[in-house]
Amino acid sequence: MTSPDAPTRARLLEGARAGLPFGIAAGVVAVSFGVVAQGAGLSATAAILMSAIVFAGSAQFTAISILASGGTVGAAVLAAALVNSRFLPMGAALGPSLPGGPLRRALQGQTVVDASWAIAGRGDGTFDRWLLFGSTAVQYAGWVGGTIVGALFGNVLGDPEALGLDAVYPAFFLSLLLHEIGDRRSRIVALLGALIAFVLIPITPAGVPVLAASVAALLGLRGAAARAARERDEAAA
Amino acid sequence: MSTSVAVITGCALVTFAIKAAGPVALGGRELPGWFTSVIVLLGPALFSALVVTQALADGKELAIGPDTAGVAAGGLVAWKTGSVIGCVVAAAVVTAGLRAL
């Protein structure tokens, strides 16, 4: 682990190294996106452009699946927004760790993707932005590269479902989850988040179950209140 | 093509706005301790919800299938070896294998 005040370049590289496995996994998922997008009526160029510009896997899959099932552009964009809404709490968490004016922070915020956000977290509520940038750069390359392969050579590869590629994305998130549940409280929060999402799946639009699950993190307030009370008691004693 | 352009532009704009919101609103400040206590628990909450919505459902329908078993196999590999690549490969192989049966 490089120390927080190591040179920028070293931290960028460390982020890239940490992000590499996720970049490769993102590449595999992106291949299936390249294939699926064409099934939904996007040209190969459009599929590649979408990955390069939007760069948000689950939102892209959601938008495409709505188009494929005959939904409107508005419905597809709205669903993508809901699926991406988890980046609101992630961005709020990251915000205090980003320097510069509003525009610079907005641009730096674009580099948030799930794995990078998890990698860049120092575990104390702050984030190392260079780890974030390094890790995201590798995943961006994997995501766009995989989409190019899927879009151009999809017909050679065959049915993404027969290849089991639809299991890759949830497995990717599961490996992220396993990194995050080191202690008892985070395991309880994970279970609660899963339960909230599970209950909401049949009754809310795509994306809402995940956003709503973030409410489970409010369990952290209980610990915070207890800690504050303990500190008050200790100060008083 | 115009549908594609509209969807790509729309998705790009909403994604930009969503990712910018937090950093613009909360940049460069000290935040209270309770905020931090909640932040460190966002990962477990969000990632477990993502696993559930993708492995146990197909859109709004609950759907347990070969991909569910594949994801579980991937989780086992990730837990035992810590390998992300091993995890996703196991998930794909097990899912494809069950579908080929």
# chains A, B, ... in the order shown; residues from 1 in each chain; ligands from 1
>>> select_by_dssp(residues="region 67-146 of chain A", states="helix (DSSP H, G or I)", output="NGL selection string")
:A and (67-68 or 73-84 or 87-97 or 102-109 or 114-120 or 129-146)
>>> closest_atom_pairs(of="chain A", to="chain B", cutoff="6 Å", atoms="only C-alpha atoms", output="JSON lines")
{"residue": "A:Pro21", "atom": "CA", "partner": "B:Ile85", "partner_atom": "CA", "distance": 5.8}
{"residue": "A:Met50", "atom": "CA", "partner": "B:Ile8", "partner_atom": "CA", "distance": 5.6}
{"residue": "A:Val54", "atom": "CA", "partner": "B:Ala12", "partner_atom": "CA", "distance": 4.6}
{"residue": "A:Val73", "atom": "CA", "partner": "B:Val7", "partner_atom": "CA", "distance": 5.7}
{"residue": "A:Val77", "atom": "CA", "partner": "B:Cys11", "partner_atom": "CA", "distance": 5.4}
{"residue": "A:Ala81", "atom": "CA", "partner": "B:Val14", "partner_atom": "CA", "distance": 5.8}
{"residue": "A:Phe87", "atom": "CA", "partner": "B:Lys19", "partner_atom": "CA", "distance": 5.8}
{"residue": "A:Leu88", "atom": "CA", "partner": "B:Ile18", "partner_atom": "CA", "distance": 5.9}
{"residue": "A:Gly91", "atom": "CA", "partner": "B:Gly22", "partner_atom": "CA", "distance": 4.3}
{"residue": "A:Ala92", "atom": "CA", "partner": "B:Gly22", "partner_atom": "CA", "distance": 3.9}
{"residue": "A:Ala93", "atom": "CA", "partner": "B:Ile39", "partner_atom": "CA", "distance": 5.8}
{"residue": "A:Gly95", "atom": "CA", "partner": "B:Pro23", "partner_atom": "CA", "distance": 3.8}
{"residue": "A:Pro96", "atom": "CA", "partner": "B:Gly28", "partner_atom": "CA", "distance": 4.4}
{"residue": "A:Leu98", "atom": "CA", "partner": "B:Gly27", "partner_atom": "CA", "distance": 5.9}
{"residue": "A:Pro99", "atom": "CA", "partner": "B:Gly28", "partner_atom": "CA", "distance": 5.7}
{"residue": "A:Pro102", "atom": "CA", "partner": "B:Val24", "partner_atom": "CA", "distance": 4.9}
{"residue": "A:Arg105", "atom": "CA", "partner": "B:Pro23", "partner_atom": "CA", "distance": 5.4}
{"residue": "A:Ala106", "atom": "CA", "partner": "B:Ala20", "partner_atom": "CA", "distance": 4.2}
{"residue": "A:Gly109", "atom": "CA", "partner": "B:Ala20", "partner_atom": "CA", "distance": 5.4}
{"residue": "A:Gln110", "atom": "CA", "partner": "B:Lys19", "partner_atom": "CA", "distance": 5.5}
{"residue": "A:Gly125", "atom": "CA", "partner": "B:Thr36", "partner_atom": "CA", "distance": 4.8}
{"residue": "A:Ala162", "atom": "CA", "partner": "B:Ala96", "partner_atom": "CA", "distance": 5.4}
{"residue": "A:Leu163", "atom": "CA", "partner": "B:Ala96", "partner_atom": "CA", "distance": 5.0}
{"residue": "A:Gly164", "atom": "CA", "partner": "B:Ala92", "partner_atom": "CA", "distance": 4.3}
{"residue": "A:Leu165", "atom": "CA", "partner": "B:Ala92", "partner_atom": "CA", "distance": 5.5}
{"residue": "A:Ala167", "atom": "CA", "partner": "B:Asp67", "partner_atom": "CA", "distance": 5.0}
{"residue": "A:Val168", "atom": "CA", "partner": "B:Val88", "partner_atom": "CA", "distance": 5.0}
{"residue": "A:Pro170", "atom": "CA", "partner": "B:Val51", "partner_atom": "CA", "distance": 5.0}
{"residue": "A:Ala171", "atom": "CA", "partner": "B:Val71", "partner_atom": "CA", "distance": 5.0}
{"residue": "A:Phe173", "atom": "CA", "partner": "B:Phe47", "partner_atom": "CA", "distance": 5.8}
{"residue": "A:Leu174", "atom": "CA", "partner": "B:Val51", "partner_atom": "CA", "distance": 6.0}
{"residue": "A:Ser175", "atom": "CA", "partner": "B:Ala78", "partner_atom": "CA", "distance": 5.8}
{"residue": "A:Leu177", "atom": "CA", "partner": "B:Phe47", "partner_atom": "CA", "distance": 5.3}
{"residue": "A:Glu180", "atom": "CA", "partner": "B:Pro44", "partner_atom": "CA", "distance": 5.6}
{"residue": "A:Val189", "atom": "CA", "partner": "B:Ala45", "partner_atom": "CA", "distance": 5.7}
{"residue": "A:Ala190", "atom": "CA", "partner": "B:Pro44", "partner_atom": "CA", "distance": 4.6}
{"residue": "A:Gly193", "atom": "CA", "partner": "B:Ala45", "partner_atom": "CA", "distance": 4.5}
{"residue": "A:Ala194", "atom": "CA", "partner": "B:Ala49", "partner_atom": "CA", "distance": 4.7}
{"residue": "A:Ala197", "atom": "CA", "partner": "B:Ala49", "partner_atom": "CA", "distance": 5.3}
{"residue": "A:Ile201", "atom": "CA", "partner": "B:Lys60", "partner_atom": "CA", "distance": 5.4}
{"residue": "A:Pro202", "atom": "CA", "partner": "B:Lys60", "partner_atom": "CA", "distance": 4.6}
{"residue": "A:Val210", "atom": "CA", "partner": "B:Ala49", "partner_atom": "CA", "distance": 5.2}
{"residue": "A:Ala213", "atom": "CA", "partner": "B:Ala45", "partner_atom": "CA", "distance": 5.8}
{"residue": "A:Ser214", "atom": "CA", "partner": "B:Ala45", "partner_atom": "CA", "distance": 5.4}
{"residue": "A:Ala216", "atom": "CA", "partner": "B:Ala45", "partner_atom": "CA", "distance": 6.0}
{"residue": "A:Ala217", "atom": "CA", "partner": "B:Leu41", "partner_atom": "CA", "distance": 4.8}
{"residue": "A:Leu218", "atom": "CA", "partner": "B:Val38", "partner_atom": "CA", "distance": 5.5}
{"residue": "A:Gly220", "atom": "CA", "partner": "B:Val38", "partner_atom": "CA", "distance": 4.7}
{"residue": "A:Leu221", "atom": "CA", "partner": "B:Trp34", "partner_atom": "CA", "distance": 5.9}
{"residue": "A:Ala224", "atom": "CA", "partner": "B:Trp34", "partner_atom": "CA", "distance": 5.4}
>>> write_last_selection(atoms="C-alpha atoms", output="PDB file, in the first residue's frame")
ATOM      1  CA  PRO A  21      -8.788  -7.065 -12.526  1.00  0.00           C
ATOM      2  CA  MET A  50     -22.389   5.000 -26.006  1.00  0.00           C
ATOM      3  CA  VAL A  54     -21.851   7.352 -21.103  1.00  0.00           C
ATOM      4  CA  VAL A  73     -36.332   7.166 -25.471  1.00  0.00           C
ATOM      5  CA  VAL A  77     -33.116   7.688 -20.227  1.00  0.00           C
ATOM      6  CA  ALA A  81     -30.857   7.902 -14.495  1.00  0.00           C
ATOM      7  CA  PHE A  87     -23.682   7.649  -7.849  1.00  0.00           C
ATOM      8  CA  LEU A  88     -25.458  10.439  -5.926  1.00  0.00           C
ATOM      9  CA  GLY A  91     -20.479  11.391  -5.187  1.00  0.00           C
ATOM     10  CA  ALA A  92     -21.605  13.010  -1.952  1.00  0.00           C
ATOM     11  CA  ALA A  93     -19.186  10.766  -0.086  1.00  0.00           C
ATOM     12  CA  GLY A  95     -17.055  15.390  -2.686  1.00  0.00           C
ATOM     13  CA  PRO A  96     -15.131  16.532   0.403  1.00  0.00           C
ATOM     14  CA  LEU A  98     -11.918  16.650  -4.150  1.00  0.00           C
ATOM     15  CA  PRO A  99     -10.051  19.975  -4.432  1.00  0.00           C
ATOM     16  CA  PRO A 102     -17.206  23.495  -8.689  1.00  0.00           C
ATOM     17  CA  ARG A 105     -14.921  18.942  -8.917  1.00  0.00           C
ATOM     18  CA  ALA A 106     -17.756  18.144 -11.330  1.00  0.00           C
ATOM     19  CA  GLY A 109     -16.621  13.377 -10.172  1.00  0.00           C
ATOM     20  CA  GLN A 110     -17.122  11.871 -13.636  1.00  0.00           C
ATOM     21  CA  GLY A 125     -14.795   8.332   4.956  1.00  0.00           C
ATOM     22  CA  ALA A 162     -25.094 -19.190 -23.816  1.00  0.00           C
ATOM     23  CA  LEU A 163     -21.601 -18.007 -22.848  1.00  0.00           C
ATOM     24  CA  GLY A 164     -22.859 -17.092 -19.361  1.00  0.00           C
ATOM     25  CA  LEU A 165     -21.846 -13.464 -19.829  1.00  0.00           C
ATOM     26  CA  ALA A 167     -23.621 -13.652 -14.819  1.00  0.00           C
ATOM     27  CA  VAL A 168     -20.402 -11.663 -15.088  1.00  0.00           C
ATOM     28  CA  PRO A 170     -23.510  -9.466 -10.773  1.00  0.00           C
ATOM     29  CA  ALA A 171     -20.403 -11.546  -9.975  1.00  0.00           C
ATOM     30  CA  PHE A 173     -20.517  -6.603  -7.837  1.00  0.00           C
ATOM     31  CA  LEU A 174     -20.372  -9.593  -5.519  1.00  0.00           C
ATOM     32  CA  SER A 175     -16.584  -9.441  -5.457  1.00  0.00           C
ATOM     33  CA  LEU A 177     -19.254  -6.510  -1.863  1.00  0.00           C
ATOM     34  CA  GLU A 180     -16.615  -4.224   1.896  1.00  0.00           C
ATOM     35  CA  VAL A 189     -25.982  -3.284   6.514  1.00  0.00           C
ATOM     36  CA  ALA A 190     -25.308  -5.488   3.454  1.00  0.00           C
ATOM     37  CA  GLY A 193     -29.618  -3.429   1.775  1.00  0.00           C
ATOM     38  CA  ALA A 194     -30.200  -6.754   0.040  1.00  0.00           C
ATOM     39  CA  ALA A 197     -33.759  -4.212  -2.778  1.00  0.00           C
ATOM     40  CA  ILE A 201     -37.838  -5.323  -7.149  1.00  0.00           C
ATOM     41  CA  PRO A 202     -41.390  -6.306  -8.146  1.00  0.00           C
ATOM     42  CA  VAL A 210     -30.633  -0.041  -5.377  1.00  0.00           C
ATOM     43  CA  ALA A 213     -30.988   0.227  -0.328  1.00  0.00           C
ATOM     44  CA  SER A 214     -28.563   3.054   0.441  1.00  0.00           C
ATOM     45  CA  ALA A 216     -29.454   0.867   5.092  1.00  0.00           C
ATOM     46  CA  ALA A 217     -26.202   2.814   5.524  1.00  0.00           C
ATOM     47  CA  LEU A 218     -28.065   5.092   7.956  1.00  0.00           C
ATOM     48  CA  GLY A 220     -24.085   4.066  10.768  1.00  0.00           C
ATOM     49  CA  LEU A 221     -25.861   6.883  12.613  1.00  0.00           C
ATOM     50  CA  ALA A 224     -22.065   7.479  15.560  1.00  0.00           C
TER      51      ALA A 224
END
>>> select_by_dssp(residues="region 11-94 of chain B", states="strand (DSSP E)", output="list of chain:residue names")
B:Ala57, B:Asp58, B:Glu61, B:Leu62
>>> write_last_selection(atoms="C-alpha atoms", output="compact mmCIF listing (two decimals), in the first residue's frame")
# COMPACT_ATOMS: atom_id res chain seq x y z
CA ALA B 57 -34.31 -10.87 -10.85
CA ASP B 58 -34.90 -10.22 -14.50
CA GLU B 61 -39.67 -10.41 -12.13
CA LEU B 62 -37.87 -12.46 -9.54
>>> residues_around(residues="Val31 (chain A)", least_positions_apart="2", cutoff="10 Å", atoms="only C-alpha atoms", output="PyMOL selection string")
chain A and resi 26-29+33-36+142-154+157+160+165
>>> atom_distance(atom1="CA of Arg129 (chain A)", atom2="CA of Thr81 (chain B)")
27.6 Å
>>> atom_distance(atom1="CA of Ser32 (chain A)", atom2="CA of Pro205 (chain A)")
23.2 Å
